[in-house]
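input20.txt follows; it contains compact mmCIF, N, CA, C and O atoms.
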```
# COMPACT_ATOMS: atom_id res chain seq x y z
N GLY A 9 0.80 -1.20 0.00
CA GLY A 9 0.00 0.00 0.00
C GLY A 9 0.84 1.26 0.00
O GLY A 9 0.31 2.34 -0.12
N ARG A 10 2.16 1.12 0.12
CA ARG A 10 3.00 2.31 0.18
C ARG A 10 3.78 2.55 -1.09
O ARG A 10 4.49 3.52 -1.21
N GLY A 11 3.68 1.68 -2.02
CA GLY A 11 4.43 1.84 -3.26
C GLY A 11 5.80 1.21 -3.16
O GLY A 11 6.21 0.71 -2.12
N LEU A 12 6.50 1.22 -4.27
CA LEU A 12 7.79 0.56 -4.34
C LEU A 12 8.91 1.35 -3.67
O LEU A 12 9.88 0.78 -3.20
N GLY A 13 8.79 2.65 -3.64
CA GLY A 13 9.83 3.47 -3.01
C GLY A 13 10.90 3.89 -4.01
O GLY A 13 11.34 3.09 -4.82
N ILE A 14 11.27 5.14 -3.93
CA ILE A 14 12.26 5.71 -4.86
C ILE A 14 13.60 4.99 -4.76
O ILE A 14 14.23 4.70 -5.77
N ARG A 15 14.02 4.68 -3.55
CA ARG A 15 15.32 4.02 -3.37
C ARG A 15 15.35 2.67 -4.10
O ARG A 15 16.31 2.34 -4.79
N PHE A 16 14.28 1.90 -3.95
CA PHE A 16 14.19 0.61 -4.62
C PHE A 16 14.13 0.80 -6.13
O PHE A 16 14.81 0.09 -6.89
N LEU A 17 13.33 1.75 -6.60
CA LEU A 17 13.20 1.98 -8.03
C LEU A 17 14.54 2.39 -8.65
O LEU A 17 14.87 1.96 -9.75
N LYS A 18 15.30 3.19 -7.95
CA LYS A 18 16.63 3.57 -8.45
C LYS A 18 17.52 2.33 -8.55
O LYS A 18 18.31 2.21 -9.48
N HIS A 19 17.38 1.43 -7.60
CA HIS A 19 18.18 0.20 -7.60
C HIS A 19 17.86 -0.67 -8.82
O HIS A 19 18.77 -1.19 -9.46
N ILE A 20 16.59 -0.82 -9.15
CA ILE A 20 16.24 -1.74 -10.24
C ILE A 20 16.54 -1.16 -11.62
O ILE A 20 16.52 -1.90 -12.60
N GLU A 21 16.86 0.11 -11.70
CA GLU A 21 17.27 0.67 -12.99
C GLU A 21 18.50 -0.04 -13.54
O GLU A 21 18.69 -0.12 -14.75
N ARG A 22 19.32 -0.60 -12.66
CA ARG A 22 20.55 -1.28 -13.08
C ARG A 22 20.31 -2.73 -13.50
O ARG A 22 21.19 -3.36 -14.06
N ASN A 23 19.15 -3.27 -13.20
CA ASN A 23 18.87 -4.67 -13.51
C ASN A 23 18.50 -4.86 -14.97
O ASN A 23 17.88 -3.99 -15.58
N SER A 24 18.86 -6.01 -15.51
CA SER A 24 18.53 -6.28 -16.91
C SER A 24 17.17 -6.94 -17.08
O SER A 24 16.57 -6.87 -18.15
N ILE A 25 16.68 -7.60 -16.04
CA ILE A 25 15.33 -8.17 -16.06
C ILE A 25 14.64 -7.82 -14.76
O ILE A 25 15.30 -7.52 -13.76
N LEU A 26 13.31 -7.86 -14.79
CA LEU A 26 12.52 -7.59 -13.60
C LEU A 26 11.66 -8.81 -13.29
O LEU A 26 10.94 -9.30 -14.15
N LEU A 27 11.76 -9.30 -12.07
CA LEU A 27 10.95 -10.42 -11.61
C LEU A 27 9.90 -9.87 -10.66
O LEU A 27 10.22 -9.36 -9.60
N PHE A 28 8.66 -9.96 -11.08
CA PHE A 28 7.54 -9.54 -10.25
C PHE A 28 7.07 -10.76 -9.46
O PHE A 28 6.84 -11.82 -10.05
N MET A 29 6.92 -10.60 -8.16
CA MET A 29 6.45 -11.69 -7.32
C MET A 29 5.19 -11.23 -6.60
O MET A 29 5.23 -10.27 -5.83
N ILE A 30 4.09 -11.92 -6.89
CA ILE A 30 2.80 -11.58 -6.30
C ILE A 30 2.22 -12.83 -5.67
O ILE A 30 2.22 -13.90 -6.27
N SER A 31 1.70 -12.68 -4.48
CA SER A 31 1.16 -13.82 -3.74
C SER A 31 -0.14 -14.33 -4.35
O SER A 31 -0.98 -13.56 -4.82
N VAL A 32 -0.29 -15.65 -4.33
CA VAL A 32 -1.48 -16.30 -4.86
C VAL A 32 -2.74 -15.88 -4.08
O VAL A 32 -3.84 -15.94 -4.62
N ASP A 33 -2.57 -15.42 -2.85
CA ASP A 33 -3.73 -15.02 -2.06
C ASP A 33 -4.11 -13.55 -2.25
O ASP A 33 -4.95 -13.01 -1.54
N SER A 34 -3.52 -12.91 -3.24
CA SER A 34 -3.90 -11.55 -3.61
C SER A 34 -5.34 -11.54 -4.09
O SER A 34 -5.81 -12.49 -4.70
N ASN A 35 -6.03 -10.45 -3.83
CA ASN A 35 -7.42 -10.33 -4.31
C ASN A 35 -7.50 -10.28 -5.83
O ASN A 35 -8.46 -10.76 -6.41
N ASP A 36 -6.50 -9.67 -6.46
CA ASP A 36 -6.50 -9.53 -7.92
C ASP A 36 -5.05 -9.41 -8.40
O ASP A 36 -4.48 -8.32 -8.41
N ILE A 37 -4.48 -10.53 -8.79
CA ILE A 37 -3.08 -10.57 -9.19
C ILE A 37 -2.82 -9.66 -10.39
O ILE A 37 -1.86 -8.89 -10.40
N ALA A 38 -3.70 -9.71 -11.38
CA ALA A 38 -3.51 -8.88 -12.58
C ALA A 38 -3.55 -7.40 -12.22
O ALA A 38 -2.75 -6.61 -12.74
N ALA A 39 -4.44 -7.01 -11.33
CA ALA A 39 -4.53 -5.60 -10.92
C ALA A 39 -3.27 -5.18 -10.16
O ALA A 39 -2.76 -4.07 -10.37
N GLU A 40 -2.76 -6.05 -9.30
CA GLU A 40 -1.54 -5.73 -8.57
C GLU A 40 -0.36 -5.56 -9.53
O GLU A 40 0.46 -4.66 -9.38
N TYR A 41 -0.30 -6.42 -10.53
CA TYR A 41 0.75 -6.32 -11.54
C TYR A 41 0.64 -4.98 -12.27
O TYR A 41 1.64 -4.29 -12.48
N GLU A 42 -0.56 -4.59 -12.64
CA GLU A 42 -0.77 -3.31 -13.33
C GLU A 42 -0.39 -2.13 -12.45
O GLU A 42 0.16 -1.14 -12.94
N ILE A 43 -0.65 -2.22 -11.16
CA ILE A 43 -0.24 -1.16 -10.23
C ILE A 43 1.28 -1.03 -10.22
O ILE A 43 1.83 0.08 -10.28
N LEU A 44 1.96 -2.17 -10.17
CA LEU A 44 3.43 -2.14 -10.19
C LEU A 44 3.96 -1.55 -11.49
O LEU A 44 4.89 -0.74 -11.48
N LEU A 45 3.34 -1.93 -12.60
CA LEU A 45 3.75 -1.35 -13.89
C LEU A 45 3.51 0.16 -13.89
O LEU A 45 4.33 0.92 -14.42
N GLY A 46 2.42 0.59 -13.31
CA GLY A 46 2.12 2.02 -13.22
C GLY A 46 3.18 2.77 -12.43
O GLY A 46 3.57 3.89 -12.81
N GLU A 47 3.64 2.17 -11.34
CA GLU A 47 4.69 2.81 -10.55
C GLU A 47 5.99 2.91 -11.35
O GLU A 47 6.69 3.92 -11.29
N LEU A 48 6.30 1.85 -12.09
CA LEU A 48 7.49 1.89 -12.94
C LEU A 48 7.35 2.99 -13.99
O LEU A 48 8.29 3.75 -14.25
N ARG A 49 6.18 3.05 -14.62
CA ARG A 49 5.91 4.04 -15.67
C ARG A 49 6.08 5.46 -15.12
O ARG A 49 6.67 6.31 -15.78
N GLN A 50 5.57 5.71 -13.93
CA GLN A 50 5.67 7.04 -13.33
C GLN A 50 7.12 7.40 -13.01
O GLN A 50 7.53 8.54 -13.21
N PHE A 51 7.87 6.44 -12.50
CA PHE A 51 9.25 6.70 -12.10
C PHE A 51 10.16 6.85 -13.31
O PHE A 51 10.94 7.81 -13.40
N ASN A 52 10.09 5.87 -14.22
CA ASN A 52 10.96 5.89 -15.39
C ASN A 52 10.36 4.95 -16.45
O ASN A 52 10.53 3.73 -16.35
N PRO A 53 9.69 5.49 -17.45
CA PRO A 53 9.05 4.65 -18.47
C PRO A 53 9.99 3.67 -19.16
O PRO A 53 9.55 2.64 -19.65
N GLU A 54 11.29 3.96 -19.16
CA GLU A 54 12.25 3.04 -19.78
C GLU A 54 12.31 1.70 -19.05
O GLU A 54 12.70 0.69 -19.64
N LEU A 55 11.92 1.67 -17.79
CA LEU A 55 11.90 0.41 -17.04
C LEU A 55 10.93 -0.60 -17.65
O LEU A 55 11.12 -1.80 -17.53
N LEU A 56 9.92 -0.10 -18.34
CA LEU A 56 8.94 -0.98 -18.97
C LEU A 56 9.52 -1.71 -20.17
O LEU A 56 8.92 -2.67 -20.65
N GLU A 57 10.67 -1.28 -20.65
CA GLU A 57 11.31 -1.94 -21.78
C GLU A 57 12.15 -3.14 -21.36
O GLU A 57 12.59 -3.92 -22.21
N LYS A 58 12.36 -3.31 -20.06
CA LYS A 58 13.15 -4.44 -19.57
C LYS A 58 12.34 -5.73 -19.67
O LYS A 58 11.12 -5.71 -19.63
N ARG A 59 13.05 -6.84 -19.82
CA ARG A 59 12.38 -8.14 -19.80
C ARG A 59 11.73 -8.32 -18.44
O ARG A 59 12.30 -7.93 -17.42
N ARG A 60 10.56 -8.96 -18.43
CA ARG A 60 9.82 -9.16 -17.19
C ARG A 60 9.40 -10.62 -17.05
O ARG A 60 9.08 -11.28 -18.04
N LEU A 61 9.38 -11.08 -15.81
CA LEU A 61 8.87 -12.39 -15.45
C LEU A 61 7.90 -12.20 -14.29
O LEU A 61 8.05 -11.28 -13.50
N LEU A 62 6.91 -13.08 -14.20
CA LEU A 62 5.94 -13.01 -13.11
C LEU A 62 5.93 -14.34 -12.37
O LEU A 62 5.70 -15.39 -12.98
N ALA A 63 6.20 -14.28 -11.07
CA ALA A 63 6.13 -15.47 -10.23
C ALA A 63 4.97 -15.29 -9.26
O ALA A 63 4.91 -14.30 -8.53
N ILE A 64 4.06 -16.25 -9.26
CA ILE A 64 2.95 -16.25 -8.32
C ILE A 64 3.39 -17.10 -7.15
O ILE A 64 3.61 -18.31 -7.30
N THR A 65 3.55 -16.47 -5.99
CA THR A 65 4.11 -17.15 -4.82
C THR A 65 3.03 -17.82 -3.98
O THR A 65 1.83 -17.58 -4.18
N LYS A 66 3.46 -18.64 -3.06
CA LYS A 66 2.59 -19.37 -2.12
C LYS A 66 1.62 -20.29 -2.84
O LYS A 66 0.50 -20.52 -2.39
N SER A 67 2.03 -20.85 -3.97
CA SER A 67 1.12 -21.69 -4.74
C SER A 67 0.79 -23.01 -4.06
O SER A 67 -0.10 -23.73 -4.51
N ASP A 68 1.48 -23.29 -2.95
CA ASP A 68 1.12 -24.47 -2.17
C ASP A 68 -0.25 -24.31 -1.51
O ASP A 68 -0.84 -25.29 -1.05
N LEU A 69 -0.78 -23.10 -1.50
CA LEU A 69 -2.10 -22.84 -0.89
C LEU A 69 -3.26 -23.21 -1.80
O LEU A 69 -4.41 -23.20 -1.35
N ILE A 70 -2.99 -23.51 -3.07
CA ILE A 70 -4.06 -23.83 -4.01
C ILE A 70 -3.80 -25.17 -4.69
O ILE A 70 -2.68 -25.66 -4.71
N ASP A 71 -4.86 -25.72 -5.27
CA ASP A 71 -4.70 -26.98 -6.01
C ASP A 71 -4.53 -26.69 -7.50
O ASP A 71 -4.62 -25.53 -7.94
N ASP A 72 -4.28 -27.73 -8.27
CA ASP A 72 -4.01 -27.58 -9.70
C ASP A 72 -5.20 -26.98 -10.44
O ASP A 72 -5.03 -26.20 -11.39
N GLU A 73 -6.41 -27.33 -10.03
CA GLU A 73 -7.61 -26.81 -10.69
C GLU A 73 -7.73 -25.30 -10.51
O GLU A 73 -7.98 -24.57 -11.46
N LEU A 74 -7.53 -24.83 -9.29
CA LEU A 74 -7.61 -23.39 -9.03
C LEU A 74 -6.45 -22.66 -9.72
O LEU A 74 -6.64 -21.56 -10.25
N GLU A 75 -5.29 -23.29 -9.77
CA GLU A 75 -4.16 -22.69 -10.48
C GLU A 75 -4.51 -22.47 -11.95
O GLU A 75 -4.23 -21.41 -12.51
N ALA A 76 -5.13 -23.46 -12.57
CA ALA A 76 -5.52 -23.34 -13.98
C ALA A 76 -6.55 -22.22 -14.16
O ALA A 76 -6.47 -21.45 -15.12
N GLU A 77 -7.49 -22.11 -13.25
CA GLU A 77 -8.49 -21.04 -13.33
C GLU A 77 -7.82 -19.68 -13.19
O GLU A 77 -8.14 -18.74 -13.92
N MET A 78 -6.90 -19.57 -12.25
CA MET A 78 -6.21 -18.30 -12.01
C MET A 78 -5.33 -17.94 -13.20
O MET A 78 -5.25 -16.77 -13.59
N ARG A 79 -4.67 -18.92 -13.77
CA ARG A 79 -3.77 -18.67 -14.91
C ARG A 79 -4.52 -17.98 -16.05
O ARG A 79 -3.96 -17.12 -16.74
N ALA A 80 -5.79 -18.31 -16.23
CA ALA A 80 -6.59 -17.72 -17.30
C ALA A 80 -6.84 -16.23 -17.09
O ALA A 80 -7.18 -15.52 -18.03
N THR A 81 -6.65 -15.73 -15.87
CA THR A 81 -6.90 -14.32 -15.57
C THR A 81 -5.63 -13.49 -15.52
O THR A 81 -5.69 -12.29 -15.29
N LEU A 82 -4.48 -14.13 -15.73
CA LEU A 82 -3.20 -13.44 -15.58
C LEU A 82 -2.75 -12.77 -16.87
O LEU A 82 -3.19 -13.15 -17.96
N PRO A 83 -1.87 -11.78 -16.76
CA PRO A 83 -1.33 -11.12 -17.96
C PRO A 83 -0.66 -12.16 -18.87
O PRO A 83 -0.05 -13.11 -18.39
N THR A 84 -0.79 -11.96 -20.16
CA THR A 84 -0.23 -12.90 -21.12
C THR A 84 1.00 -12.35 -21.83
O THR A 84 1.56 -13.03 -22.68
N ASP A 85 1.43 -11.16 -21.45
CA ASP A 85 2.55 -10.52 -22.13
C ASP A 85 3.91 -10.82 -21.49
O ASP A 85 4.90 -10.20 -21.85
N LEU A 86 3.96 -11.77 -20.55
CA LEU A 86 5.22 -12.13 -19.93
C LEU A 86 5.16 -13.56 -19.41
O LEU A 86 4.08 -14.07 -19.13
N PRO A 87 6.32 -14.22 -19.31
CA PRO A 87 6.34 -15.58 -18.77
C PRO A 87 5.87 -15.56 -17.32
O PRO A 87 6.26 -14.69 -16.53
N THR A 88 5.02 -16.52 -16.98
CA THR A 88 4.45 -16.60 -15.63
C THR A 88 4.65 -18.01 -15.09
O THR A 88 4.51 -18.99 -15.82
N ILE A 89 4.96 -18.09 -13.79
CA ILE A 89 5.15 -19.38 -13.14
C ILE A 89 4.60 -19.33 -11.72
O ILE A 89 4.70 -18.30 -11.05
N PHE A 90 3.98 -20.41 -11.30
CA PHE A 90 3.49 -20.54 -9.93
C PHE A 90 4.58 -21.24 -9.12
O PHE A 90 5.05 -22.30 -9.51
N ILE A 91 4.96 -20.63 -8.00
CA ILE A 91 6.04 -21.18 -7.18
C ILE A 91 5.61 -21.31 -5.73
O ILE A 91 4.64 -20.69 -5.29
N SER A 92 6.37 -22.10 -4.99
CA SER A 92 6.20 -22.19 -3.54
C SER A 92 7.57 -22.41 -2.93
O SER A 92 8.23 -23.41 -3.22
N SER A 93 7.99 -21.51 -2.08
CA SER A 93 9.26 -21.70 -1.39
C SER A 93 9.11 -22.74 -0.29
O SER A 93 10.07 -23.42 0.07
N LEU A 94 7.90 -22.93 0.22
CA LEU A 94 7.66 -23.92 1.26
C LEU A 94 7.85 -25.33 0.74
O LEU A 94 8.50 -26.16 1.38
N THR A 95 7.33 -25.60 -0.45
CA THR A 95 7.41 -26.95 -1.02
C THR A 95 8.44 -27.07 -2.14
O THR A 95 8.62 -28.14 -2.70
N ASN A 96 9.10 -25.97 -2.46
CA ASN A 96 10.06 -25.89 -3.57
C ASN A 96 9.41 -26.10 -4.94
O ASN A 96 10.10 -26.38 -5.92
N LYS A 97 8.11 -25.93 -5.02
CA LYS A 97 7.41 -26.09 -6.29
C LYS A 97 7.92 -25.07 -7.30
O LYS A 97 7.90 -23.86 -7.05
N ASN A 98 8.39 -25.57 -8.42
CA ASN A 98 8.83 -24.76 -9.57
C ASN A 98 9.97 -23.80 -9.28
O ASN A 98 10.20 -22.86 -10.06
N ILE A 99 10.71 -24.01 -8.20
CA ILE A 99 11.84 -23.12 -7.90
C ILE A 99 12.94 -23.29 -8.96
O ILE A 99 13.45 -22.30 -9.49
N GLN A 100 13.28 -24.53 -9.30
CA GLN A 100 14.30 -24.74 -10.33
C GLN A 100 13.83 -24.22 -11.69
O GLN A 100 14.60 -23.55 -12.39
N PRO A 101 12.58 -24.48 -12.10
CA PRO A 101 12.12 -23.89 -13.36
C PRO A 101 12.16 -22.35 -13.35
O PRO A 101 12.47 -21.74 -14.37
N LEU A 102 11.90 -21.74 -12.21
CA LEU A 102 12.01 -20.28 -12.12
C LEU A 102 13.45 -19.86 -12.32
O LEU A 102 13.73 -18.90 -13.06
N LYS A 103 14.38 -20.55 -11.69
CA LYS A 103 15.80 -20.24 -11.89
C LYS A 103 16.18 -20.38 -13.36
O LYS A 103 16.92 -19.55 -13.90
N ASP A 104 15.66 -21.42 -14.00
CA ASP A 104 15.94 -21.62 -15.42
C ASP A 104 15.37 -20.48 -16.26
O ASP A 104 16.02 -20.01 -17.20
N MET A 105 14.15 -20.02 -15.93
CA MET A 105 13.54 -18.89 -16.64
C MET A 105 14.40 -17.64 -16.51
O MET A 105 14.61 -16.91 -17.48
N ILE A 106 14.88 -17.40 -15.30
CA ILE A 106 15.72 -16.22 -15.06
C ILE A 106 17.02 -16.34 -15.85
O ILE A 106 17.44 -15.39 -16.51
N TRP A 107 17.63 -17.51 -15.81
CA TRP A 107 18.88 -17.74 -16.55
C TRP A 107 18.67 -17.51 -18.04
O TRP A 107 19.48 -16.85 -18.70
N GLN A 108 17.58 -18.05 -18.59
CA GLN A 108 17.29 -17.88 -20.01
C GLN A 108 17.07 -16.41 -20.35
O GLN A 108 17.54 -15.92 -21.37
N ALA A 109 16.34 -15.70 -19.48
CA ALA A 109 16.08 -14.28 -19.73
C ALA A 109 17.38 -13.47 -19.68
O ALA A 109 17.58 -12.56 -20.49
N LEU A 110 18.26 -13.83 -18.76
CA LEU A 110 19.53 -13.11 -18.64
C LEU A 110 20.42 -13.35 -19.86
O LEU A 110 21.21 -12.49 -20.22
N ASN A 111 20.31 -14.51 -20.46
CA ASN A 111 21.18 -14.87 -21.56
C ASN A 111 20.54 -14.73 -22.94
O ASN A 111 21.18 -15.03 -23.93
N ALA A 112 19.31 -14.27 -22.98
CA ALA A 112 18.61 -14.11 -24.26
C ALA A 112 19.17 -12.90 -25.01
O ALA A 112 19.54 -11.89 -24.42
N LYS A 113 19.23 -13.04 -26.30
CA LYS A 113 19.66 -11.92 -27.15
C LYS A 113 18.49 -10.94 -27.26
O LYS A 113 17.34 -11.33 -27.32
N GLU A 114 18.84 -9.69 -27.30
CA GLU A 114 17.81 -8.63 -27.42
C GLU A 114 17.08 -8.73 -28.73
O GLU A 114 17.51 -9.08 -29.73
```
The structure in this file should be written as structure tokens.
Amino acid sequence: GRGLGIRFLKHIERNSILLFMISVDSNDIAAEYEILLGELRQFNPELLEKRRLLAITKSDLIDDELEAEMRATLPTDLPTIFISSLTNKNIQPLKDMIWQALNAKE
């Protein structure tokens, strides 16, 4: 509810990719993602040109059926993965996605 903060935004200007992490128990994951994009746009529109990934966290709280339903409501303009640090669900695939994004040609 307080925004990303100028200090943090200045820090991510140096990053080559942006990993958005939003909890599965969010009321509206897509809306939260759009809010974050809006903050980036306000601070520095060039940040929107960086590669982006979306990780939906705490996915151990839902079953496969609910995950499929939720996936249909998520943004389609970036790679998305459901993860759980508690169960290690998709942690290695997330690392692989990050590695691929870091090594992809522009």
Which of chain A counts as strand (DSSP E or B) under DSSP, as number ranges by chain please?
A: 25-31, 59-65, 88-90, 92, 97
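Of the residues under consideration (A:Ser92, A:Leu61, A:Ser24, A:Asp85), A:Leu61 shows the shortest atom-to-atom contact distance to Asp104 in chain A when counting only C-alpha atoms.
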To one decimal place, how far is CA of Pro101 in chain A from CA of Leu44 in chain A in Å?
23.6 Å
Counting only N, CA, C and O atoms, which residues come within 8 Å of (-1.6, -18.2, 1.9), with the point read in the file's coordinates, and could you list them as a short mmCIF file (atom, residue, chain, number, x, y, z; two decimals) with N, CA, C and O atoms, keeping the file's coordinate frame?
```
data_model
loop_
_atom_site.label_atom_id
_atom_site.label_comp_id
_atom_site.auth_asym_id
_atom_site.auth_seq_id
_atom_site.Cartn_x
_atom_site.Cartn_y
_atom_site.Cartn_z
N SER A 31 1.70 -12.68 -4.48
CA SER A 31 1.16 -13.82 -3.74
C SER A 31 -0.14 -14.33 -4.35
O SER A 31 -0.98 -13.56 -4.82
N VAL A 32 -0.29 -15.65 -4.33
CA VAL A 32 -1.48 -16.30 -4.86
C VAL A 32 -2.74 -15.88 -4.08
O VAL A 32 -3.84 -15.94 -4.62
N ASP A 33 -2.57 -15.42 -2.85
CA ASP A 33 -3.73 -15.02 -2.06
C ASP A 33 -4.11 -13.55 -2.25
O ASP A 33 -4.95 -13.01 -1.54
N SER A 34 -3.52 -12.91 -3.24
CA SER A 34 -3.90 -11.55 -3.61
C SER A 34 -5.34 -11.54 -4.09
O SER A 34 -5.81 -12.49 -4.70
N THR A 65 3.55 -16.47 -5.99
CA THR A 65 4.11 -17.15 -4.82
C THR A 65 3.03 -17.82 -3.98
O THR A 65 1.83 -17.58 -4.18
N LYS A 66 3.46 -18.64 -3.06
CA LYS A 66 2.59 -19.37 -2.12
C LYS A 66 1.62 -20.29 -2.84
O LYS A 66 0.50 -20.52 -2.39
N SER A 67 2.03 -20.85 -3.97
CA SER A 67 1.12 -21.69 -4.74
C SER A 67 0.79 -23.01 -4.06
O SER A 67 -0.10 -23.73 -4.51
N ASP A 68 1.48 -23.29 -2.95
CA ASP A 68 1.12 -24.47 -2.17
C ASP A 68 -0.25 -24.31 -1.51
O ASP A 68 -0.84 -25.29 -1.05
N LEU A 69 -0.78 -23.10 -1.50
CA LEU A 69 -2.10 -22.84 -0.89
C LEU A 69 -3.26 -23.21 -1.80
O LEU A 69 -4.41 -23.20 -1.35
N ILE A 70 -2.99 -23.51 -3.07
CA ILE A 70 -4.06 -23.83 -4.01
C ILE A 70 -3.80 -25.17 -4.69
O ILE A 70 -2.68 -25.66 -4.71
#
```
How big is the axis-aligned box around all listed atoms of range 56-59 of chain A once 8 Å goes on each side, and where's its centre, in Å to one decimal, as JSON?
```
{"center_x": 11.0, "center_y": -4.2, "center_z": -19.8, "size_x": 20.2, "size_y": 24.2, "size_z": 20.8}
```
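Distance-wise, CA of Leu55 in chain A and CA of Phe90 in chain A end up 23.7 Å apart.
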Do a neighbour search on Asp36 in chain A at 12 Å with only C-alpha atoms, toss out local chain neighbours closer than 2 positions, and write the hits as a list in words.
Ile30, Ser31, Val32, Asp33, Ser34, Ala38, Ala39, Glu40, Tyr41, Glu42, Ile43, Ile64, Met78, Arg79, Thr81, Leu82 and Pro83 of chain A
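Counting from atom C of Leu27 in chain A, the distance to atom N of Pro87 in chain A is 10.3 Å.
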